[in-house]
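Note: the block below is upload15.tsv and it holds TSV, C-alpha atoms.
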```
chain	number	residue	atom	x	y	z
M	1	MET	CA	148.80	6.11	12.40
M	2	ASN	CA	151.38	5.83	15.17
M	3	GLY	CA	148.75	4.64	17.63
M	4	PHE	CA	147.61	1.99	15.23
M	5	VAL	CA	151.12	0.68	14.64
M	6	GLU	CA	151.88	0.60	18.37
M	7	ARG	CA	148.68	-1.33	19.11
M	8	ASP	CA	149.43	-3.78	16.34
M	9	ALA	CA	152.97	-4.28	17.62
M	10	ILE	CA	151.67	-5.14	21.10
M	11	PHE	CA	149.14	-7.56	19.60
M	12	LEU	CA	151.75	-9.24	17.44
M	13	ALA	CA	154.11	-9.54	20.43
M	14	GLU	CA	151.46	-11.30	22.47
M	15	MET	CA	150.79	-13.63	19.53
M	16	GLY	CA	154.46	-14.40	19.13
M	17	LEU	CA	154.65	-12.76	15.71
M	18	GLY	CA	156.55	-9.64	16.55
M	19	PRO	CA	159.90	-10.68	15.01
M	20	LEU	CA	158.15	-11.97	11.91
M	21	TRP	CA	156.33	-8.70	11.49
M	22	ARG	CA	159.48	-6.66	11.99
M	23	LEU	CA	161.48	-8.76	9.53
M	24	ARG	CA	158.90	-8.35	6.78
M	25	ALA	CA	158.19	-4.61	7.57
M	26	ALA	CA	161.77	-3.52	6.97
M	27	PRO	CA	161.89	-4.10	3.20
M	28	ALA	CA	158.37	-2.76	2.73
M	29	ALA	CA	159.27	0.47	4.61
M	30	ALA	CA	162.39	0.92	2.48
M	31	ALA	CA	160.33	0.66	-0.71
M	32	GLY	CA	157.80	3.15	0.64
M	33	ALA	CA	160.52	5.65	1.49
M	34	GLN	CA	161.77	5.51	-2.03
M	35	ALA	CA	158.22	6.18	-3.34
M	36	GLY	CA	157.91	9.24	-1.06
M	37	ASP	CA	154.56	8.31	0.50
M	38	ALA	CA	155.38	7.40	4.14
M	39	GLY	CA	151.78	7.34	5.48
M	40	GLY	CA	150.40	5.06	2.78
M	41	ASP	CA	153.32	2.68	3.20
M	42	ASP	CA	152.55	2.19	6.92
M	43	VAL	CA	149.04	1.05	6.10
M	44	ALA	CA	150.30	-1.27	3.32
M	45	VAL	CA	152.86	-2.86	5.63
M	46	SER	CA	150.25	-3.47	8.33
M	47	GLU	CA	147.83	-5.05	5.83
M	48	ALA	CA	150.60	-7.27	4.36
M	49	ALA	CA	151.63	-8.43	7.83
M	50	PHE	CA	148.09	-9.46	8.79
M	51	ALA	CA	147.65	-11.22	5.49
M	52	VAL	CA	150.53	-13.67	6.15
M	53	ALA	CA	150.05	-13.91	9.88
M	54	PRO	CA	147.86	-16.81	11.12
M	55	ALA	CA	144.43	-15.93	12.49
M	56	PRO	CA	144.50	-15.16	16.21
M	57	SER	CA	142.71	-17.41	18.70
M	58	GLN	CA	139.41	-16.34	20.24
M	59	GLY	CA	141.06	-15.60	23.59
M	60	ALA	CA	143.28	-12.98	21.96
M	61	ALA	CA	140.55	-11.29	19.82
M	62	HIS	CA	140.54	-8.23	22.08
M	63	PRO	CA	144.14	-7.45	22.93
M	64	PRO	CA	144.74	-5.48	26.08
M	65	SER	CA	145.76	-1.90	25.77
M	66	GLY	CA	147.54	0.57	27.94
M	67	ALA	CA	150.72	0.64	29.95
M	68	GLY	CA	150.14	-2.83	31.54
M	69	ALA	CA	150.11	-4.48	28.15
M	70	GLU	CA	153.28	-2.66	27.14
M	71	ALA	CA	155.02	-3.82	30.32
M	72	ARG	CA	154.01	-7.44	29.77
M	73	ALA	CA	155.14	-7.22	26.14
M	74	ALA	CA	158.52	-5.83	27.17
M	75	ALA	CA	158.96	-8.48	29.92
M	76	GLN	CA	158.08	-11.42	27.64
M	77	PRO	CA	161.20	-12.83	25.92
M	78	ALA	CA	161.20	-12.86	22.21
M	79	PRO	CA	160.43	-16.32	20.79
M	80	PRO	CA	162.98	-17.91	18.50
M	81	ALA	CA	162.63	-17.73	14.78
M	82	PRO	CA	160.44	-20.43	13.18
M	83	GLN	CA	163.38	-22.08	11.41
M	84	GLN	CA	165.46	-22.06	14.60
M	85	ALA	CA	162.56	-23.46	16.65
M	86	ALA	CA	162.02	-26.24	14.12
M	87	ASP	CA	165.71	-27.11	14.25
M	88	ALA	CA	165.62	-27.21	18.04
M	89	VAL	CA	162.57	-29.51	18.13
M	90	ARG	CA	163.81	-31.87	15.39
M	91	PRO	CA	165.70	-34.84	16.93
M	92	PRO	CA	169.27	-35.38	15.80
M	93	PRO	CA	169.72	-38.02	13.12
M	94	VAL	CA	170.47	-41.46	14.46
M	95	SER	CA	173.05	-43.41	12.57
M	96	PRO	CA	172.58	-47.20	12.34
M	97	PRO	CA	174.67	-49.13	14.85
M	98	VAL	CA	177.87	-50.56	13.54
M	99	LEU	CA	178.77	-54.00	14.85
M	100	GLN	CA	182.40	-54.08	15.71
M	101	GLN	CA	184.23	-57.26	16.34
M	102	ALA	CA	186.63	-57.46	19.14
M	103	ALA	CA	190.04	-56.70	17.80
M	104	PRO	CA	192.56	-59.48	18.29
M	105	GLN	CA	195.33	-58.93	20.69
M	106	GLY	CA	198.02	-56.77	19.17
M	107	ARG	CA	195.68	-55.25	16.49
M	108	THR	CA	193.79	-51.99	16.66
M	109	GLN	CA	190.03	-51.88	16.20
M	110	GLN	CA	190.29	-49.70	13.12
M	111	GLU	CA	191.93	-52.50	11.18
M	112	PRO	CA	189.52	-54.94	9.52
M	113	PRO	CA	190.04	-58.53	10.62
M	114	ALA	CA	192.23	-60.49	8.30
M	115	ALA	CA	190.54	-63.17	6.22
M	116	PRO	CA	191.32	-66.74	7.39
M	117	ARG	CA	193.95	-68.47	5.38
M	118	PRO	CA	193.13	-71.80	3.74
M	119	ALA	CA	194.15	-74.93	5.59
M	120	ALA	CA	196.82	-75.75	3.03
M	121	ALA	CA	198.44	-72.32	3.41
M	122	GLN	CA	198.60	-72.42	7.19
M	123	THR	CA	201.97	-73.44	8.43
M	124	ALA	CA	201.99	-76.18	11.08
M	125	GLN	CA	203.21	-75.05	14.44
M	126	PRO	CA	206.23	-77.01	15.63
M	127	LEU	CA	205.51	-79.39	18.50
M	128	PRO	CA	207.13	-78.58	21.83
M	129	PRO	CA	210.12	-80.71	22.64
M	130	ALA	CA	209.43	-83.87	24.61
M	131	PRO	CA	210.12	-83.43	28.33
M	132	THR	CA	213.17	-85.11	29.60
M	133	GLY	CA	213.27	-87.34	32.64
M	134	PRO	CA	210.76	-89.94	33.86
M	135	ARG	CA	207.20	-89.82	32.61
M	136	PRO	CA	204.25	-89.58	35.07
M	137	LEU	CA	203.48	-93.33	34.81
M	138	GLN	CA	207.03	-94.41	35.39
M	139	PRO	CA	207.02	-93.80	39.17
M	140	VAL	CA	203.80	-95.87	39.46
M	141	ALA	CA	205.28	-98.77	37.54
M	142	GLN	CA	208.47	-98.56	39.58
M	143	ALA	CA	206.47	-98.61	42.82
M	144	VAL	CA	204.48	-101.67	41.71
M	145	SER	CA	207.62	-103.42	40.58
M	146	ALA	CA	209.18	-102.78	43.95
M	147	LEU	CA	206.24	-104.50	45.68
M	148	ALA	CA	206.39	-107.57	43.44
M	149	PRO	CA	208.64	-110.43	44.47
M	150	GLU	CA	211.85	-110.99	42.60
M	151	ALA	CA	210.59	-114.21	40.95
M	152	SER	CA	207.11	-113.39	39.62
M	153	ALA	CA	205.20	-112.72	36.43
M	154	TRP	CA	206.76	-109.23	36.22
M	155	ASP	CA	209.94	-110.68	34.78
M	156	ASP	CA	211.15	-113.66	32.83
M	157	GLY	CA	212.87	-115.27	35.76
M	158	PRO	CA	211.99	-118.68	37.16
M	159	ALA	CA	208.66	-119.07	38.98
M	160	ALA	CA	208.55	-119.24	42.74
M	161	PRO	CA	208.96	-122.80	44.05
M	162	ASP	CA	205.83	-124.61	45.21
M	163	ALA	CA	205.18	-125.03	48.89
M	164	THR	CA	206.59	-128.10	50.54
M	165	PRO	CA	204.31	-130.70	52.19
M	166	GLU	CA	205.34	-129.37	55.57
M	167	GLN	CA	204.41	-125.82	54.60
M	168	ILE	CA	201.04	-126.93	53.21
M	169	ALA	CA	200.28	-128.84	56.42
M	170	ALA	CA	200.70	-125.59	58.41
M	171	MET	CA	198.67	-123.25	56.15
M	172	ASP	CA	195.49	-121.42	57.08
M	173	TRP	CA	192.60	-120.86	54.65
M	174	ASP	CA	194.03	-117.77	52.99
M	175	GLN	CA	197.45	-119.29	52.55
M	176	LEU	CA	195.97	-122.51	51.22
M	177	ASN	CA	193.81	-120.77	48.64
M	178	LEU	CA	196.80	-118.69	47.51
M	179	ALA	CA	198.93	-121.82	47.19
M	180	ILE	CA	196.23	-123.50	45.10
M	181	ALA	CA	195.85	-120.46	42.84
M	182	THR	CA	199.61	-120.33	42.14
M	183	CYS	CA	200.25	-124.07	42.07
M	184	ARG	CA	202.56	-125.57	39.44
M	185	ARG	CA	203.01	-128.97	41.04
M	186	CYS	CA	201.67	-131.00	38.11
M	187	SER	CA	201.32	-130.82	34.35
M	188	ALA	CA	197.62	-129.87	34.55
M	189	CYS	CA	198.51	-126.66	36.36
M	190	ARG	CA	201.47	-125.94	34.13
M	191	ASP	CA	199.18	-126.07	31.08
M	192	GLY	CA	197.76	-122.72	32.22
M	193	ARG	CA	194.41	-124.00	33.51
M	194	ALA	CA	192.60	-122.02	36.21
M	195	PRO	CA	192.49	-123.92	39.53
M	196	VAL	CA	189.07	-124.38	41.12
M	197	PRO	CA	189.08	-123.94	44.92
M	198	GLY	CA	186.69	-125.71	47.27
M	199	THR	CA	183.52	-124.19	48.66
M	200	GLY	CA	181.04	-124.75	51.49
M	201	ALA	CA	181.12	-124.70	55.27
M	202	ARG	CA	184.62	-124.17	56.63
M	203	THR	CA	183.62	-125.97	59.77
M	204	ALA	CA	182.02	-129.15	58.44
M	205	ARG	CA	180.98	-132.66	59.37
M	206	TRP	CA	181.53	-134.05	55.90
M	207	LEU	CA	184.18	-133.46	53.28
M	208	VAL	CA	182.78	-134.33	49.84
M	209	ALA	CA	185.58	-134.95	47.31
M	210	ALA	CA	185.08	-135.42	43.57
M	211	GLY	CA	187.76	-136.37	41.02
M	212	ALA	CA	189.05	-133.70	38.60
M	213	SER	CA	187.60	-130.31	37.76
M	214	THR	CA	185.36	-130.15	34.72
M	215	ALA	CA	184.73	-127.44	32.14
M	216	ALA	CA	181.60	-126.36	34.02
M	217	ASP	CA	183.57	-126.14	37.27
M	218	GLU	CA	186.27	-124.08	35.61
M	219	LYS	CA	183.73	-121.66	34.15
M	220	ALA	CA	181.76	-121.25	37.38
M	221	ARG	CA	184.88	-121.34	39.60
M	222	LEU	CA	183.00	-123.78	41.83
M	223	PRO	CA	183.39	-127.55	42.29
M	224	LEU	CA	180.45	-129.71	41.23
M	225	ALA	CA	178.83	-127.00	39.11
M	226	GLY	CA	175.84	-127.38	36.81
M	227	ASP	CA	173.40	-130.27	36.93
M	228	PRO	CA	175.71	-132.63	38.85
M	229	GLY	CA	175.98	-130.03	41.57
M	230	LYS	CA	172.20	-129.65	41.76
M	231	LEU	CA	171.81	-133.40	42.13
M	232	LEU	CA	174.45	-133.46	44.87
M	233	ASP	CA	172.59	-130.75	46.79
M	234	ASN	CA	169.41	-132.84	46.58
M	235	MET	CA	171.26	-135.92	47.81
M	236	LEU	CA	172.71	-134.03	50.78
M	237	ALA	CA	169.35	-132.50	51.62
M	238	ALA	CA	167.84	-136.02	51.70
M	239	VAL	CA	170.07	-136.87	54.66
M	240	GLY	CA	169.59	-133.50	56.35
M	241	MET	CA	172.85	-131.85	55.29
M	242	GLY	CA	173.92	-128.99	53.02
M	243	ARG	CA	176.91	-127.09	51.69
M	244	GLU	CA	176.07	-123.95	53.62
M	245	ARG	CA	175.81	-125.64	57.01
M	246	ASP	CA	177.96	-128.73	57.49
M	247	VAL	CA	179.45	-129.93	54.18
M	248	TYR	CA	182.61	-128.77	52.42
M	249	VAL	CA	182.78	-129.69	48.69
M	250	THR	CA	186.03	-129.82	46.73
M	251	ASN	CA	187.77	-131.50	43.81
M	252	LEU	CA	190.78	-133.70	44.42
M	253	ILE	CA	192.52	-132.35	41.31
M	254	LYS	CA	191.99	-128.59	41.21
M	255	CYS	CA	192.83	-128.07	37.52
M	256	ARG	CA	191.12	-129.58	34.49
M	257	PRO	CA	193.40	-132.08	32.72
M	258	LEU	CA	193.46	-131.72	28.94
M	259	THR	CA	195.02	-133.53	26.06
M	260	ALA	CA	197.29	-131.86	23.52
M	261	ALA	CA	194.24	-131.37	21.30
M	262	GLY	CA	192.33	-129.61	24.11
M	263	ALA	CA	189.99	-132.46	25.04
M	264	GLU	CA	189.37	-133.55	28.62
M	265	ARG	CA	191.25	-136.61	29.82
M	266	ALA	CA	191.54	-138.72	32.93
M	267	PRO	CA	194.09	-137.43	35.44
M	268	SER	CA	197.33	-139.26	35.97
M	269	ALA	CA	198.52	-140.77	39.22
M	270	THR	CA	201.21	-138.06	39.46
M	271	GLU	CA	198.64	-135.29	39.17
M	272	ALA	CA	196.41	-136.96	41.79
M	273	ALA	CA	199.32	-137.37	44.22
M	274	ALA	CA	200.40	-133.73	43.76
M	275	CYS	CA	196.93	-132.43	44.68
M	276	ARG	CA	196.31	-134.83	47.53
M	277	LEU	CA	198.27	-132.57	49.89
M	278	TYR	CA	195.75	-129.76	49.39
M	279	LEU	CA	192.78	-132.07	50.05
M	280	GLU	CA	194.37	-133.36	53.25
M	281	ARG	CA	194.83	-129.77	54.47
M	282	GLU	CA	191.22	-128.93	53.59
M	283	ALA	CA	190.03	-131.89	55.65
M	284	ALA	CA	192.13	-130.78	58.59
M	285	LEU	CA	190.93	-127.15	58.45
M	286	THR	CA	187.24	-128.11	58.24
M	287	GLY	CA	187.49	-130.64	61.06
M	288	ALA	CA	185.37	-133.09	59.08
M	289	ALA	CA	185.11	-136.62	60.50
M	290	THR	CA	183.76	-138.29	57.34
M	291	VAL	CA	184.93	-138.16	53.73
M	292	LEU	CA	182.40	-138.93	50.98
M	293	THR	CA	184.17	-139.55	47.68
M	294	LEU	CA	182.36	-139.17	44.34
M	295	GLY	CA	183.66	-141.47	41.62
M	296	GLN	CA	186.62	-143.80	41.38
M	297	ILE	CA	189.40	-141.16	40.98
M	298	ALA	CA	188.97	-139.63	44.43
M	299	ALA	CA	188.21	-142.94	46.15
M	300	ASN	CA	191.18	-144.85	44.66
M	301	THR	CA	193.60	-141.95	45.28
M	302	LEU	CA	192.72	-141.64	48.98
M	303	LEU	CA	192.65	-145.42	49.46
M	304	GLY	CA	196.02	-145.83	47.70
M	305	ARG	CA	194.66	-147.94	44.87
M	306	PRO	CA	195.27	-147.75	41.14
M	307	LEU	CA	193.14	-145.08	39.54
M	308	ALA	CA	191.79	-147.46	36.93
M	309	GLU	CA	190.42	-149.88	39.54
M	310	PRO	CA	186.61	-150.09	39.37
M	311	LEU	CA	184.63	-148.24	42.00
M	312	ALA	CA	182.69	-151.37	42.91
M	313	GLY	CA	185.67	-152.60	44.95
M	314	ALA	CA	185.51	-149.54	47.24
M	315	ARG	CA	181.74	-149.19	47.58
M	316	GLY	CA	179.58	-150.79	50.23
M	317	ALA	CA	181.96	-150.25	53.15
M	318	VAL	CA	183.34	-147.65	55.54
M	319	HIS	CA	187.09	-147.19	55.24
M	320	ALA	CA	189.49	-145.65	57.74
M	321	VAL	CA	192.05	-143.42	56.00
M	322	PRO	CA	194.84	-141.33	57.52
M	323	LEU	CA	194.55	-137.73	56.33
M	324	ASN	CA	196.98	-135.16	57.75
M	325	ALA	CA	197.83	-137.13	60.89
M	326	ALA	CA	194.16	-137.93	61.52
M	327	GLU	CA	192.16	-141.04	60.73
M	328	LEU	CA	188.82	-140.35	59.07
M	329	ALA	CA	185.92	-142.49	57.90
M	330	LEU	CA	185.67	-142.74	54.13
M	331	VAL	CA	182.59	-143.80	52.16
M	332	ALA	CA	182.77	-144.10	48.35
M	333	THR	CA	179.76	-143.53	46.11
M	334	LEU	CA	178.93	-142.79	42.49
M	335	HIS	CA	179.57	-139.42	40.92
M	336	PRO	CA	176.38	-137.36	40.39
M	337	GLY	CA	177.30	-137.07	36.71
M	338	GLU	CA	177.11	-140.85	36.41
M	339	LEU	CA	173.80	-140.91	38.23
M	340	LEU	CA	172.37	-138.48	35.68
M	341	ARG	CA	173.32	-140.91	32.93
M	342	ARG	CA	172.20	-144.04	34.82
M	343	GLY	CA	169.21	-143.24	36.95
M	344	ALA	CA	168.82	-146.85	38.11
M	345	ASP	CA	171.99	-146.52	40.21
M	346	LYS	CA	170.47	-143.87	42.48
M	347	ALA	CA	169.38	-146.59	44.90
M	348	GLN	CA	173.03	-147.57	45.38
M	349	ALA	CA	173.93	-143.94	46.01
M	350	TRP	CA	171.15	-143.67	48.60
M	351	ALA	CA	172.56	-146.67	50.46
M	352	ASP	CA	176.02	-145.06	50.43
M	353	LEU	CA	174.62	-141.82	51.88
M	354	CYS	CA	172.92	-143.69	54.70
M	355	ARG	CA	176.17	-145.54	55.42
M	356	ALA	CA	178.13	-142.26	55.58
M	357	ARG	CA	175.56	-140.70	57.90
M	358	ALA	CA	175.91	-143.61	60.32
M	359	ALA	CA	179.72	-143.76	60.13
M	360	GLN	CA	181.82	-142.89	63.15
M	361	PRO	CA	185.32	-141.35	63.05
M	362	GLY	CA	187.95	-144.05	62.68
M	363	GLN	CA	185.36	-146.72	61.88
M	364	ALA	CA	186.44	-149.34	59.34
M	365	ASP	CA	184.34	-152.30	58.20
M	366	GLY	CA	185.86	-152.87	54.78
M	367	GLY	CA	189.20	-153.44	53.13
```

Translate the structure described by the file into structure tokens.
Amino acid sequence: MNGFVERDAIFLAEMGLGPLWRLRAAPAAAAGAQAGDAGGDDVAVSEAAFAVAPAPSQGAAHPPSGAGAEARAAAQPAPPAPQQAADAVRPPPVSPPVLQQAAPQGRTQQEPPAAPRPAAAQTAQPLPPAPTGPRPLQPVAQAVSALAPEASAWDDGPAAPDATPEQIAAMDWDQLNLAIATCRRCSACRDGRAPVPGTGARTARWLVAAGASTAADEKARLPLAGDPGKLLDNMLAAVGMGRERDVYVTNLIKCRPLTAAGAERAPSATEAAACRLYLEREAALTGAATVLTLGQIAANTLLGRPLAEPLAGARGAVHAVPLNAAELALVATLHPGELLRRGADKAQAWADLCRARAAQPGQADGG
């Protein structure tokens, strides 16, 4: 019996069932001792152990015997109990992740975030006090004010006086254009109209002078704008000349005269005389030898005649006129605007152009 039990113990140890067999043999042995039949109990315990033990694999059907098997059984560590092995293999429970919001400054993470208060319950934060001293834009305005002249649009003081005839006679192009832009010499300028400067070649053979600026001129900021200007360009091209090369075009009266109701009107003799100084300086700066006037306003003003005098008295001749200490040839012709209304008069205008082309400086064959 002892040999059988020892062999079974070795077999169970190799199968990893030694502890299980020993745990279940202890109560069975105690019951057998009480019954008084020790030999029969050993056989019953062995049969009960094999009944609950799983069937061995084919490789372990013939367990080794002898001292070598006992040594290997003693050297092999005892396997853990089944319940302990199951607990070791089972992964630890994983708790679902808890999303935590970043705790506001000055509040621990354990505290739940406070619910937002309604808009009506929130107390308005007091505005910071306004900074004392000058604001950022004040130094800029002070710097610009320092650059402006004492009498200018920056204050309510009197406007700067207009240039004298002697000052105008000594101006260059930039100074002349600035004087025209700021002119208040006549009522047309003082009405707030925008002056229209001349345009064309600044070194010219001809100076073409019309009467007063029109609404189209004022809008385009160019003299002889619109359809009258296109017709003038065609007339000049017919005699081999052009604004870009050898003709300077300007208006005698730079601003557009208006009535109290806002309608255009004929310029007065005072307004024509006030602007004549600018035209004389333009003629001197361009070096033009011939003046071609368009309409009766420019022709009568430069010839010293009443503005209402018909143009027929000035046409058909070359006049010598003193302009800025120089004597120039003057030829009067119809205004392109009139030619657009009366196409039959274009032949007269063509004769005037041919006369101006043939004129010599200082030549005079008419009154």

Name the residues in contact with segment 344-351 of chain M at a cut-off of 8 Å, using all atoms listed in the file, excluding same-chain residues fewer than 3 positions from it; report them as a VMD selection string.
-> chain M and resid 235 333 to 334 339 354 to 355

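If you measure from each of M:Gly211, M:Pro165, M:Pro257, M:Gly229 to Ala299 of chain M using all atoms listed in the file, the closest one turns out to be M:Gly211.
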
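As for atom CA of Ala329 of chain M and atom CA of Ile180 of chain M, they are spaced 25.1 Å apart.
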
Can you tell me how far atom CA of Ala274 of chain M sits from atom CA of Gly313 of chain M, in Å to one decimal?
-> 24.0 Å

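Interatomic distance, atom CA of Leu207 of chain M to atom CA of Thr290 of chain M: 6.3 Å.
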